[in-house]
>>> print(open('target_29.cif').read())   # mmCIF, C-alpha atoms
data_structure
loop_
_atom_site.label_atom_id
_atom_site.label_comp_id
_atom_site.auth_asym_id
_atom_site.auth_seq_id
_atom_site.Cartn_x
_atom_site.Cartn_y
_atom_site.Cartn_z
CA MET A 1 0.00 0.00 0.00
CA SER A 2 1.27 3.47 -0.81
CA THR A 3 2.41 5.90 1.86
CA ALA A 4 -0.52 8.15 0.95
CA ALA A 5 -2.80 5.61 2.56
CA ARG A 6 -0.98 5.68 5.88
CA PRO A 7 -0.73 9.27 7.00
CA ASP A 8 0.90 10.07 10.28
CA GLY A 9 1.23 13.05 12.57
CA PRO A 10 -1.53 14.23 14.93
CA GLY A 11 -2.85 16.89 12.52
CA THR A 12 -3.33 14.59 9.56
CA MET A 13 -4.68 11.78 11.74
CA ALA A 14 -7.32 14.16 13.10
CA ALA A 15 -8.31 15.27 9.59
CA LEU A 16 -8.47 11.60 8.60
CA ALA A 17 -10.76 10.72 11.52
CA LEU A 18 -13.20 13.54 10.71
CA GLY A 19 -12.93 12.85 6.99
CA ASP A 20 -13.77 9.19 7.53
CA ASP A 21 -16.82 10.13 9.64
CA ALA A 22 -18.11 12.29 6.79
CA LEU A 23 -17.24 9.81 4.03
CA ILE A 24 -18.84 6.79 5.66
CA LEU A 25 -22.01 8.60 6.68
CA ALA A 26 -22.31 9.99 3.13
CA GLN A 27 -22.07 6.44 1.80
CA ARG A 28 -24.76 5.22 4.20
CA LEU A 29 -27.12 8.08 3.36
CA GLY A 30 -26.55 7.50 -0.34
CA GLU A 31 -28.00 4.01 0.11
CA TRP A 32 -31.42 5.67 0.54
CA ALA A 33 -31.43 6.81 -3.09
CA GLY A 34 -34.46 5.12 -4.64
CA HIS A 35 -35.76 3.85 -1.29
CA ALA A 36 -36.74 6.84 0.85
CA PRO A 37 -40.33 7.11 2.14
CA GLU A 38 -41.10 10.09 -0.11
CA LEU A 39 -39.43 11.97 -2.94
CA GLU A 40 -38.69 15.12 -0.94
CA GLU A 41 -37.01 13.04 1.73
CA GLU A 42 -34.92 11.19 -0.79
CA VAL A 43 -33.67 14.51 -2.13
CA ALA A 44 -33.01 15.77 1.40
CA LEU A 45 -30.94 12.73 2.38
CA ALA A 46 -28.98 12.88 -0.88
CA ASN A 47 -28.25 16.56 -0.29
CA ILE A 48 -27.02 15.90 3.24
CA ALA A 49 -24.84 13.10 1.85
CA LEU A 50 -23.43 15.50 -0.72
CA ASP A 51 -22.51 18.06 1.95
CA LEU A 52 -20.75 15.31 3.89
CA LEU A 53 -18.95 14.06 0.81
CA GLY A 54 -17.67 17.58 0.14
CA GLN A 55 -16.38 17.80 3.70
CA ALA A 56 -14.79 14.36 3.35
CA ARG A 57 -12.96 15.34 0.15
CA THR A 58 -11.45 18.42 1.79
CA LEU A 59 -10.47 16.53 4.96
CA LEU A 60 -9.01 13.49 3.20
CA THR A 61 -7.02 15.76 0.88
CA LEU A 62 -5.43 17.26 4.00
CA SER A 63 -4.30 13.73 4.89
CA GLY A 64 -3.15 12.46 1.48
CA ASP A 65 -4.64 11.41 -1.84
CA GLU A 66 -8.43 11.36 -1.46
CA ASP A 67 -9.08 8.46 -3.85
CA GLU A 68 -6.26 6.38 -2.45
CA LEU A 69 -7.60 6.94 1.06
CA ALA A 70 -11.23 6.27 0.23
CA PHE A 71 -10.84 3.29 -2.08
CA ARG A 72 -7.59 1.55 -1.20
CA ARG A 73 -7.55 1.29 2.57
CA GLU A 74 -8.54 -1.81 4.49
CA GLU A 75 -11.19 -1.79 7.20
CA ARG A 76 -8.69 -1.52 10.04
CA ASP A 77 -7.20 1.68 8.56
CA PHE A 78 -10.46 3.63 8.75
CA ARG A 79 -10.81 5.98 11.72
CA ASN A 80 -14.52 6.84 11.67
CA VAL A 81 -16.65 6.39 14.77
CA GLN A 82 -18.79 3.27 14.77
CA LEU A 83 -22.01 5.30 14.88
CA VAL A 84 -21.75 6.44 11.25
CA GLU A 85 -21.19 2.93 9.88
CA GLN A 86 -24.39 1.53 11.47
CA PRO A 87 -26.87 0.31 8.86
CA ASN A 88 -29.76 2.56 7.82
CA GLY A 89 -32.30 0.21 9.41
CA ASP A 90 -35.81 1.58 9.16
CA PHE A 91 -36.26 5.33 8.63
CA ALA A 92 -36.34 5.91 12.39
CA HIS A 93 -32.86 4.38 12.76
CA THR A 94 -31.52 6.68 10.07
CA ILE A 95 -33.06 9.69 11.80
CA ALA A 96 -31.73 8.66 15.22
CA ARG A 97 -28.24 8.28 13.74
CA GLN A 98 -28.61 11.69 12.08
CA LEU A 99 -29.80 13.29 15.32
CA TYR A 100 -26.89 11.94 17.36
CA PHE A 101 -24.25 12.64 14.72
CA SER A 102 -25.33 15.99 13.27
CA THR A 103 -25.70 17.48 16.76
CA TYR A 104 -22.17 16.27 17.54
CA GLN A 105 -20.68 17.41 14.25
CA GLU A 106 -22.14 20.90 14.49
CA LEU A 107 -20.77 21.37 18.02
CA LEU A 108 -17.38 19.91 17.08
CA TYR A 109 -16.98 22.07 13.98
CA GLY A 110 -18.21 25.06 15.98
CA GLN A 111 -15.25 24.65 18.34
CA LEU A 112 -12.76 23.89 15.55
CA ALA A 113 -13.87 26.96 13.59
CA GLY A 114 -12.21 29.11 16.25
CA GLY A 115 -9.01 27.04 16.15
CA THR A 116 -6.08 26.81 13.80
CA GLU A 117 -5.72 26.41 10.03
CA PRO A 118 -6.29 24.40 7.94
CA LEU A 119 -9.11 22.66 9.88
CA SER A 120 -10.66 25.96 11.00
CA ALA A 121 -11.47 27.03 7.43
CA LEU A 122 -13.33 23.80 6.65
CA ALA A 123 -15.02 23.81 10.05
CA ALA A 124 -16.25 27.40 9.71
CA LYS A 125 -17.83 26.52 6.40
CA ALA A 126 -19.21 23.10 7.30
CA VAL A 127 -20.74 24.17 10.62
CA LYS A 128 -23.36 26.13 8.71
CA GLU A 129 -24.28 23.07 6.66
CA CYS A 130 -24.45 20.89 9.79
CA ALA A 131 -26.99 23.29 11.31
CA TYR A 132 -29.38 22.34 8.50
CA HIS A 133 -28.63 18.63 8.98
CA ARG A 134 -29.41 18.89 12.69
CA ASP A 135 -32.59 20.82 12.04
CA HIS A 136 -33.69 18.15 9.56
CA ALA A 137 -33.07 15.37 12.11
CA GLU A 138 -34.79 17.28 14.91
CA GLN A 139 -37.92 17.98 12.88
CA TRP A 140 -38.22 14.30 11.98
CA THR A 141 -37.58 13.20 15.57
CA LEU A 142 -40.47 15.42 16.65
CA ARG A 143 -42.77 14.12 13.92
CA LEU A 144 -42.00 10.47 14.52
CA GLY A 145 -41.92 10.66 18.31
CA ASP A 146 -45.08 12.71 18.60
CA GLY A 147 -46.78 10.99 15.63
CA THR A 148 -48.59 7.66 15.65
CA GLU A 149 -48.18 4.88 18.15
CA GLU A 150 -46.18 2.94 15.57
CA SER A 151 -43.84 5.82 14.65
CA HIS A 152 -43.34 6.58 18.35
CA ARG A 153 -42.42 2.97 19.08
CA ARG A 154 -39.99 2.78 16.17
CA MET A 155 -38.28 6.07 17.03
CA GLN A 156 -37.82 5.00 20.65
CA THR A 157 -36.39 1.64 19.56
CA ALA A 158 -33.94 3.38 17.22
CA LEU A 159 -32.78 5.90 19.84
CA ASP A 160 -32.20 3.08 22.33
CA ALA A 161 -30.42 0.85 19.81
CA LEU A 162 -27.90 3.48 18.71
CA TRP A 163 -27.25 4.98 22.13
CA ARG A 164 -24.42 2.53 22.80
CA TYR A 165 -22.43 4.11 19.94
CA THR A 166 -22.59 7.67 21.29
CA GLY A 167 -19.91 7.37 23.98
CA GLU A 168 -17.17 7.18 21.41
CA LEU A 169 -18.06 10.61 20.02
CA PHE A 170 -16.57 12.32 23.07
CA ARG A 171 -13.28 10.49 23.32
CA PRO A 172 -10.49 12.99 22.64
CA VAL A 173 -8.94 12.82 19.16
CA GLU A 174 -5.22 13.51 19.09
CA GLY A 175 -4.44 16.73 17.25
CA LEU A 176 -7.82 18.35 17.91
CA ASP A 177 -7.98 21.21 20.39
CA VAL A 178 -11.51 20.65 21.67
CA ALA A 179 -13.13 21.00 25.10
CA TRP A 180 -14.57 17.48 25.02
CA ASP A 181 -16.42 17.70 28.37
CA THR A 182 -18.22 20.86 27.29
CA LEU A 183 -19.00 19.25 23.95
CA GLU A 184 -20.54 16.23 25.62
CA ASP A 185 -22.59 18.28 28.10
CA THR A 186 -23.96 20.52 25.35
CA TRP A 187 -24.69 17.53 23.12
CA ARG A 188 -26.54 15.70 25.87
CA ALA A 189 -28.63 18.76 26.77
CA SER A 190 -29.53 19.34 23.11
CA VAL A 191 -30.43 15.71 22.30
CA THR A 192 -32.32 15.20 25.57
CA GLY A 193 -34.30 18.39 24.94
CA ILE A 194 -35.50 17.30 21.50
CA VAL A 195 -36.16 13.71 22.54
CA THR A 196 -38.24 14.86 25.50
CA GLN A 197 -40.14 17.37 23.39
CA ALA A 198 -40.91 14.52 20.98
CA THR A 199 -42.62 12.69 23.91
CA LEU A 200 -39.85 10.08 23.82
CA THR A 201 -37.66 8.85 26.66
CA PRO A 202 -33.96 9.81 26.60
CA PRO A 203 -32.00 6.54 26.54
CA GLU A 204 -30.09 5.49 29.61
CA GLY A 205 -27.43 2.93 30.18
CA PRO A 206 -23.91 2.59 28.86
CA GLN A 207 -22.87 4.67 25.87
CA ALA A 208 -20.52 1.95 24.65
CA ALA A 209 -20.94 -1.74 24.01
CA PRO A 210 -18.98 -3.87 26.49
CA TRP A 211 -16.91 -5.33 23.65
CA ALA A 212 -16.10 -1.97 22.01
CA ALA A 213 -12.42 -2.00 22.90
CA GLY A 214 -11.23 1.37 21.69
CA ALA A 215 -13.68 1.31 18.79
CA GLY A 216 -13.69 3.09 15.44
CA ARG A 217 -11.10 5.78 16.09
CA GLN A 218 -8.60 2.94 16.69
CA GLY A 219 -9.68 1.06 13.59
CA VAL A 220 -11.97 -1.40 15.36
CA HIS A 221 -15.25 -1.57 13.44
CA THR A 222 -18.58 -3.36 13.64
CA GLU A 223 -19.61 -6.24 11.45
CA PRO A 224 -21.71 -4.30 8.87
CA PHE A 225 -18.75 -2.03 8.04
CA GLY A 226 -16.97 -4.62 5.90
CA ARG A 227 -19.98 -4.94 3.60
CA LEU A 228 -20.25 -1.16 3.31
CA LEU A 229 -16.60 -0.96 2.26
CA ALA A 230 -17.01 -3.80 -0.22
CA GLU A 231 -19.78 -1.92 -1.97
CA MET A 232 -17.99 1.43 -1.83
CA GLN A 233 -14.63 0.14 -3.03
CA HIS A 234 -15.32 -2.74 -5.39
CA LEU A 235 -15.58 -0.72 -8.62
CA HIS A 236 -12.36 1.19 -8.02
CA ARG A 237 -10.52 -1.97 -7.04
CA SER A 238 -11.89 -3.95 -10.01
CA HIS A 239 -10.71 -1.30 -12.46
CA PRO A 240 -7.58 0.29 -10.99
CA GLY A 241 -6.72 3.61 -12.60
CA ALA A 242 -9.89 3.74 -14.70
CA SER A 243 -11.39 7.14 -15.42
CA TRP A 244 -14.56 8.42 -17.11
CA MET B 1 -13.54 41.91 1.21
CA VAL B 2 -14.23 41.44 -2.45
CA THR B 3 -14.56 45.16 -3.10
CA GLY B 4 -11.24 45.74 -1.28
CA THR B 5 -9.56 43.29 -3.63
CA ARG B 6 -11.16 44.86 -6.63
CA ALA B 7 -10.00 48.37 -5.73
CA ASP B 8 -6.37 47.24 -6.05
CA MET B 9 -6.84 45.67 -9.47
CA THR B 10 -5.03 46.76 -12.59
CA ALA B 11 -6.99 47.55 -15.74
CA LEU B 12 -6.23 44.08 -17.10
CA GLU B 13 -7.31 42.42 -13.86
CA ALA B 14 -10.53 44.41 -13.88
CA GLU B 15 -11.22 43.25 -17.42
CA LEU B 16 -10.51 39.62 -16.53
CA TRP B 17 -12.69 40.00 -13.42
CA GLU B 18 -15.59 41.10 -15.61
CA LEU B 19 -15.06 38.10 -17.90
CA ALA B 20 -14.72 35.53 -15.12
CA GLY B 21 -17.52 37.16 -13.14
CA SER B 22 -19.90 36.89 -16.09
CA VAL B 23 -19.46 33.11 -16.30
CA PRO B 24 -22.86 31.68 -15.36
CA ASP B 25 -23.36 29.29 -12.49
CA PRO B 26 -24.00 25.94 -14.25
CA GLU B 27 -26.96 25.18 -11.97
CA LEU B 28 -28.32 28.75 -11.79
CA PRO B 29 -27.51 29.99 -15.30
CA GLN B 30 -29.35 33.26 -14.68
CA VAL B 31 -26.66 34.41 -12.26
CA GLY B 32 -22.97 35.12 -12.86
CA LEU B 33 -20.15 34.05 -10.56
CA ALA B 34 -19.50 37.64 -9.41
CA GLU B 35 -23.17 38.21 -8.60
CA LEU B 36 -23.25 34.94 -6.71
CA GLY B 37 -20.24 36.03 -4.66
CA VAL B 38 -18.15 32.96 -5.47
CA LEU B 39 -15.52 34.88 -7.46
CA ARG B 40 -13.08 36.02 -4.79
CA ALA B 41 -9.99 37.34 -6.58
CA VAL B 42 -8.24 37.76 -9.92
CA HIS B 43 -4.46 38.25 -9.84
CA VAL B 44 -2.28 38.66 -12.91
CA THR B 45 0.99 37.10 -11.78
CA GLY B 46 3.03 37.55 -14.95
CA PRO B 47 2.72 38.06 -18.70
CA GLY B 48 -0.12 35.79 -19.84
CA ARG B 49 -0.47 34.32 -16.34
CA VAL B 50 -3.52 34.76 -14.15
CA GLU B 51 -4.65 33.25 -10.88
CA VAL B 52 -8.36 33.15 -10.03
CA GLU B 53 -9.85 32.37 -6.63
CA LEU B 54 -13.29 30.80 -6.33
CA THR B 55 -15.11 29.82 -3.15
CA PRO B 56 -17.76 27.08 -3.12
CA THR B 57 -21.28 27.87 -1.93
CA TYR B 58 -21.48 24.50 -0.15
CA THR B 59 -18.46 22.30 0.63
CA GLY B 60 -19.83 19.54 -1.57
CA CYS B 61 -21.11 21.78 -4.37
CA PRO B 62 -20.47 19.74 -7.54
CA ALA B 63 -20.69 22.87 -9.71
CA VAL B 64 -17.27 24.17 -8.60
CA GLU B 65 -15.34 22.00 -11.05
CA THR B 66 -17.51 23.14 -13.95
CA MET B 67 -17.15 26.76 -12.84
CA ALA B 68 -13.37 26.42 -12.78
CA ALA B 69 -13.31 24.85 -16.25
CA ASP B 70 -15.61 27.58 -17.63
CA VAL B 71 -13.46 30.35 -16.14
CA GLU B 72 -10.35 28.78 -17.63
CA ARG B 73 -11.96 28.58 -21.05
CA VAL B 74 -13.15 32.19 -21.01
CA LEU B 75 -9.77 33.54 -19.92
CA HIS B 76 -7.89 31.38 -22.43
CA ALA B 77 -10.12 32.84 -25.12
CA ARG B 78 -9.14 36.34 -23.92
CA GLY B 79 -5.50 35.44 -24.62
CA MET B 80 -4.30 34.31 -21.20
CA PRO B 81 -2.43 31.05 -21.86
CA GLU B 82 -1.82 30.23 -18.19
CA VAL B 83 -4.93 30.22 -15.99
CA ALA B 84 -4.82 28.74 -12.50
CA VAL B 85 -8.12 28.49 -10.63
CA ARG B 86 -7.81 27.95 -6.89
CA THR B 87 -10.60 27.03 -4.50
CA VAL B 88 -10.53 28.92 -1.20
CA LEU B 89 -12.68 28.09 1.83
CA ALA B 90 -12.00 31.00 4.19
CA PRO B 91 -13.79 33.19 4.85
CA ALA B 92 -16.76 30.90 4.38
CA TRP B 93 -19.21 31.91 1.66
CA SER B 94 -22.52 33.27 2.85
CA THR B 95 -25.76 34.02 1.02
CA ASP B 96 -25.08 37.63 2.09
CA ASP B 97 -22.33 37.56 -0.57
CA ILE B 98 -24.97 37.44 -3.33
CA THR B 99 -25.25 40.93 -4.77
CA ALA B 100 -28.50 42.91 -5.02
CA GLU B 101 -28.45 42.34 -8.78
CA GLY B 102 -27.93 38.61 -8.20
CA ARG B 103 -30.95 38.52 -5.89
CA ARG B 104 -33.07 40.35 -8.44
CA LYS B 105 -32.11 37.83 -11.14
CA LEU B 106 -32.87 34.87 -8.87
CA ALA B 107 -36.34 36.22 -8.15
CA GLU B 108 -36.85 36.84 -11.86
CA ALA B 109 -35.99 33.19 -12.52
CA GLY B 110 -38.65 32.03 -10.04
CA ILE B 111 -36.27 31.36 -7.15
CA ALA B 112 -37.01 33.23 -3.92
CA PRO B 113 -33.76 34.95 -2.95
CA PRO B 114 -32.18 34.35 0.49
CA ARG B 115 -33.07 36.75 3.27
CA PRO B 116 -30.19 38.84 4.63
CA LEU B 117 -28.40 37.37 7.63
CA ARG B 118 -26.57 40.53 8.69
CA ASP B 119 -27.87 44.05 8.89
CA GLY B 120 -26.93 45.97 5.82
CA ALA B 121 -26.37 42.95 3.60
CA ALA B 122 -27.46 43.56 0.03
CA GLY B 123 -27.98 47.20 0.72
CA GLY B 124 -30.34 47.70 3.62
CA ALA B 125 -31.16 46.81 7.21
CA VAL B 126 -33.90 44.20 7.07
CA PRO B 127 -35.27 42.25 10.03
CA LEU B 128 -34.56 38.51 10.13
CA THR B 129 -38.23 37.62 10.42
CA LEU B 130 -38.91 38.76 6.85
CA ALA B 131 -41.40 36.45 5.15
CA ILE B 132 -40.36 34.42 2.10
CA ARG B 133 -42.43 35.73 -0.77
CA CYS B 134 -43.71 33.65 -3.64
CA PRO B 135 -41.64 34.64 -6.69
CA HIS B 136 -44.67 34.04 -8.92
CA CYS B 137 -47.50 36.01 -7.32
CA GLY B 138 -45.68 37.93 -4.57
CA SER B 139 -47.75 36.53 -1.72
CA ALA B 140 -46.02 36.32 1.66
CA ASP B 141 -48.22 33.36 2.53
CA THR B 142 -45.90 30.44 1.72
CA ALA B 143 -45.13 27.13 3.40
CA LEU B 144 -42.04 24.93 3.62
CA LEU B 145 -42.32 21.57 1.83
CA SER B 146 -38.75 20.35 2.26
CA ARG B 147 -35.56 21.87 3.63
CA PHE B 148 -33.61 20.44 0.72
CA SER B 149 -34.60 20.84 -2.90
CA SER B 150 -33.08 20.37 -6.38
CA THR B 151 -29.70 21.43 -4.98
CA ALA B 152 -28.33 21.61 -1.42
CA CYS B 153 -28.50 25.41 -1.50
CA LYS B 154 -32.25 25.52 -2.02
CA ALA B 155 -35.37 24.62 -0.03
CA LEU B 156 -38.68 23.65 -1.61
CA ARG B 157 -41.72 25.78 -0.71
CA ARG B 158 -45.28 26.19 -1.89
CA CYS B 159 -47.32 29.33 -2.17
CA THR B 160 -50.59 28.99 -0.26
CA SER B 161 -52.16 31.74 -2.40
CA CYS B 162 -51.39 30.67 -5.98
CA LEU B 163 -50.52 27.07 -4.98
CA GLU B 164 -47.36 27.02 -7.14
CA PRO B 165 -44.31 25.27 -5.72
CA PHE B 166 -41.04 27.22 -5.86
CA ASP B 167 -37.40 27.04 -4.83
CA HIS B 168 -36.03 29.24 -2.07
CA PHE B 169 -32.30 29.95 -1.92
CA LYS B 170 -31.91 29.25 1.77
CA GLU B 171 -29.83 31.40 4.04
CA LEU B 172 -26.31 30.17 4.80
#
>>> encode(input="target_29.cif", output="structure tokens")
Amino acid sequence: MSTAARPDGPGTMAALALGDDALILAQRLGEWAGHAPELEEEVALANIALDLLGQARTLLTLSGDEDELAFRREERDFRNVQLVEQPNGDFAHTIARQLYFSTYQELLYGQLAGGTEPLSALAAKAVKECAYHRDHAEQWTLRLGDGTEESHRRMQTALDALWRYTGELFRPVEGLDVAWDTLEDTWRASVTGIVTQATLTPPEGPQAAPWAAGAGRQGVHTEPFGRLLAEMQHLHRSHPGASW
Amino acid sequence: MVTGTRADMTALEAELWELAGSVPDPELPQVGLAELGVLRAVHVTGPGRVEVELTPTYTGCPAVETMAADVERVLHARGMPEVAVRTVLAPAWSTDDITAEGRRKLAEAGIAPPRPLRDGAAGGAVPLTLAIRCPHCGSADTALLSRFSSTACKALRRCTSCLEPFDHFKEL
């Protein structure tokens, strides 16, 4: 494997971690194309995926060659949190994942925007996009939670199921100057507020699975991630160097 | 920021600015890159050599590559053999960077222009609670259908008076 695929140094590793979060979530959201509950929602999810893909391209380019990094790394070399690789599930699972992650990403970029170049430039731009992603997730959480008995039940199930992946979001990333405790407190207040307003119950219990030793930031991923990578990478790997 | 850059331009740079600035946005062909606020700078760095700075509206905006190619083509045609287009992120683009003329053209094309985020943007102090007017009939009675529309930069709305759907360039 080329050196481009194995960046080192705290700065580039941090950009890689955030870039992988954005790339993998973009890939997951892209899977909704052709399957979303309504046309407007399909367009919305594709647009959010596009924002994330743009962020990923900028961040991966800070770490090396974007195509090399996206298409030629093995599972263990990816540094995304496990939350973003979780399958779409039903629509409620996708919204729960969006609620947890977009709230986190907006707060994280908000802090990084006041930090140092080159991450601050991307963060200052992306934080405005994330605000729309969070708003989208919050509006759906309210509709599903405070909707029918069935939508309420599904939204609660999704929030509970994904809660175990939220602890990892607040583990410090080397090279990022972030007040992680403040980030976590603000995140929890924000998510709890929306969940409660949606007549749902904020999940309790551990925010990490007992077997999640280190987890995604250390390259340890969950079982569905391998299949995601296979789909994302197979074309590039089958036709190395091909172009349009 | 943009006007400050423009004040320092040479006559040639001003001419190239006009050319590059008139290149239409591939997804909003009614509006030029200067009116959209994505053209940031034009520097002539040597005989026949020019450097152009563009800033994307959204990080993932797929139109940026087309814009860069179009700018290159237009400036080549003007006799500049070496054209380098750079993408800059900071300061982040805002819908406040769309000029008054750009807003007028958006409305004319049936796209409700973004509301100002800062006082004084686009020429006047306007309160943030300004209603989004239907670009077809002018009614302020409109409803949001989806936060994301044909492109990431637009939301889909419907006029409750004339019942026509329309795009709104959402504030960023």
>>> closest_atom_pairs(input="target_29.cif", of="chain B", to="chain A", cutoff="7 Å", atoms="all atoms listed in the file", output="Markdown table")
| residue | atom | partner | partner_atom | distance |
| --- | --- | --- | --- | --- |
| B:Tyr58 | CA | A:Asp51 | CA | 6.9 |
| B:Thr59 | CA | A:Gly54 | CA | 4.8 |
| B:Gly60 | CA | A:Gly54 | CA | 3.4 |
| B:Leu89 | CA | A:Ala121 | CA | 5.8 |
| B:Ala90 | CA | A:Ala121 | CA | 5.2 |
| B:Ala92 | CA | A:Lys125 | CA | 4.9 |
| B:Ser146 | CA | A:Glu40 | CA | 6.1 |
| B:Arg147 | CA | A:Ala44 | CA | 7.0 |
| B:Phe148 | CA | A:Ala44 | CA | 4.8 |
| B:Ser149 | CA | A:Val43 | CA | 6.4 |
| B:Thr151 | CA | A:Asn47 | CA | 6.9 |
| B:Ala152 | CA | A:Asn47 | CA | 5.2 |
| B:Leu172 | CA | A:Lys128 | CA | 6.3 |
>>> resolve_selection(input="target_29.cif", expression="the PyMOL selection byres ((chain A and resi 206) around 8)", output="list in words")
Trp163, Arg164, Gly167, Glu204, Gly205, Gln207, Ala208 and Ala209 of chain A
>>> resolve_selection(input="target_29.cif", expression="the PyMOL selection byres ((chain A and resi 226-232) around 9)", output="list of chain:residue names")
A:Ile24, A:Gln27, A:Arg28, A:Ala70, A:Phe71, A:Glu74, A:Glu75, A:Glu85, A:Pro87, A:His221, A:Thr222, A:Glu223, A:Pro224, A:Phe225, A:Gln233, A:His234, A:Leu235, A:His236
>>> atom_distance(input="target_29.cif", atom1="CA of Leu12 (chain B)", atom2="CA of Val44 (chain B)")
7.9 Å
>>> atom_distance(input="target_29.cif", atom1="CA of Val31 (chain B)", atom2="CA of Lys105 (chain B)")
6.5 Å
>>> residues_around(input="target_29.cif", residues="Glu171 (chain B)", least_positions_apart="4", cutoff="7 Å", atoms="only C-alpha atoms", output="VMD selection string")
chain B and resid 95 114 to 115
>>> atom_distance(input="target_29.cif", atom1="CA of Glu53 (chain B)", atom2="CA of Val85 (chain B)")
5.8 Å
>>> closest_residue(input="target_29.cif", among="B:Arg49, B:Arg158, B:Arg118, B:Lys170", to="His136 (chain B)", atoms="only C-alpha atoms")
B:Arg158
>>> axis_aligned_box(input="target_29.cif", around="region 106-115 of chain B", padding_each_side="3 Å", output="lines of an AutoDock Vina configuration file")
center_x = -35.4
center_y = 34.1
center_z = -4.6
size_x = 12.5
size_y = 11.5
size_z = 21.8
>>> resolve_selection(input="target_29.cif", expression="the PyMOL selection byres ((chain B and resi 69) around 12)", output="list in words")
Ala20, Val23, Pro24, Asp25, Pro26, Val52, Leu54, Ala63, Val64, Glu65, Thr66, Met67, Ala68, Asp70, Val71, Glu72, Arg73, Val74, Leu75, His76, Val83, Ala84, Val85 and Arg86 of chain B
>>> residues_around(input="target_29.cif", residues="region 108-111 of chain B", least_positions_apart="3", cutoff="10 Å", atoms="all atoms listed in the file", output="list in words")
Leu28, Pro29, Gln30, Val31, Gly102, Arg103, Arg104, Lys105, Pro114, Arg133, Cys134, Pro135, His136, Lys154, Ala155, Leu156, Pro165, Phe166, Asp167, His168 and Phe169 of chain B
>>> residues_around(input="target_29.cif", residues="Val191 (chain A)", least_positions_apart="6", cutoff="9 Å", atoms="all atoms listed in the file", output="PyMOL selection string")
chain A and resi 99-100+103+138+202
>>> residues_near_point(input="target_29.cif", point="(-45.3, 33.0, 0.1)", cutoff="8 Å", atoms="all atoms listed in the file", output="list in words")
Ala131, Ile132, Arg133, Cys134, Pro135, Gly138, Ser139, Ala140, Asp141, Thr142, Ala143, Arg158, Cys159, Thr160 and Ser161 of chain B
>>> closest_residue(input="target_29.cif", among="B:Thr45, B:Ser22, B:Ser150, B:Thr55", to="Thr87 (chain B)", atoms="only C-alpha atoms")
B:Thr55
>>> residues_near_point(input="target_29.cif", point="(-11.9, 12.7, 20.7)", cutoff="12 Å", atoms="all atoms listed in the file", output="number ranges by chain")
A: 10, 13-15, 17-18, 79-81, 104-105, 108, 166-181, 183-184, 214-218
>>> closest_residue(input="target_29.cif", among="B:Gly21, B:Gly32, B:Pro81, B:Pro62", to="Pro47 (chain B)", atoms="only C-alpha atoms")
B:Pro81
>>> closest_residue(input="target_29.cif", among="B:Met80, B:Ile98, B:Val50, B:Cys137", to="Val38 (chain B)", atoms="all atoms listed in the file")
B:Ile98
>>> residues_around(input="target_29.cif", residues="Leu200 (chain A)", least_positions_apart="6", cutoff="12 Å", atoms="only C-alpha atoms", output="NGL selection string")
:A and (96 or 141-147 or 149 or 151-160 or 191-194)
>>> write_last_selection(input="target_29.cif", atoms="C-alpha atoms", output="CSV table (one decimal), in the frame of the given file")
chain,number,residue,atom,x,y,z
A,96,ALA,CA,-31.7,8.7,15.2
A,141,THR,CA,-37.6,13.2,15.6
A,142,LEU,CA,-40.5,15.4,16.6
A,143,ARG,CA,-42.8,14.1,13.9
A,144,LEU,CA,-42.0,10.5,14.5
A,145,GLY,CA,-41.9,10.7,18.3
A,146,ASP,CA,-45.1,12.7,18.6
A,147,GLY,CA,-46.8,11.0,15.6
A,149,GLU,CA,-48.2,4.9,18.2
A,151,SER,CA,-43.8,5.8,14.6
A,152,HIS,CA,-43.3,6.6,18.4
A,153,ARG,CA,-42.4,3.0,19.1
A,154,ARG,CA,-40.0,2.8,16.2
A,155,MET,CA,-38.3,6.1,17.0
A,156,GLN,CA,-37.8,5.0,20.6
A,157,THR,CA,-36.4,1.6,19.6
A,158,ALA,CA,-33.9,3.4,17.2
A,159,LEU,CA,-32.8,5.9,19.8
A,160,ASP,CA,-32.2,3.1,22.3
A,191,VAL,CA,-30.4,15.7,22.3
A,192,THR,CA,-32.3,15.2,25.6
A,193,GLY,CA,-34.3,18.4,24.9
A,194,ILE,CA,-35.5,17.3,21.5
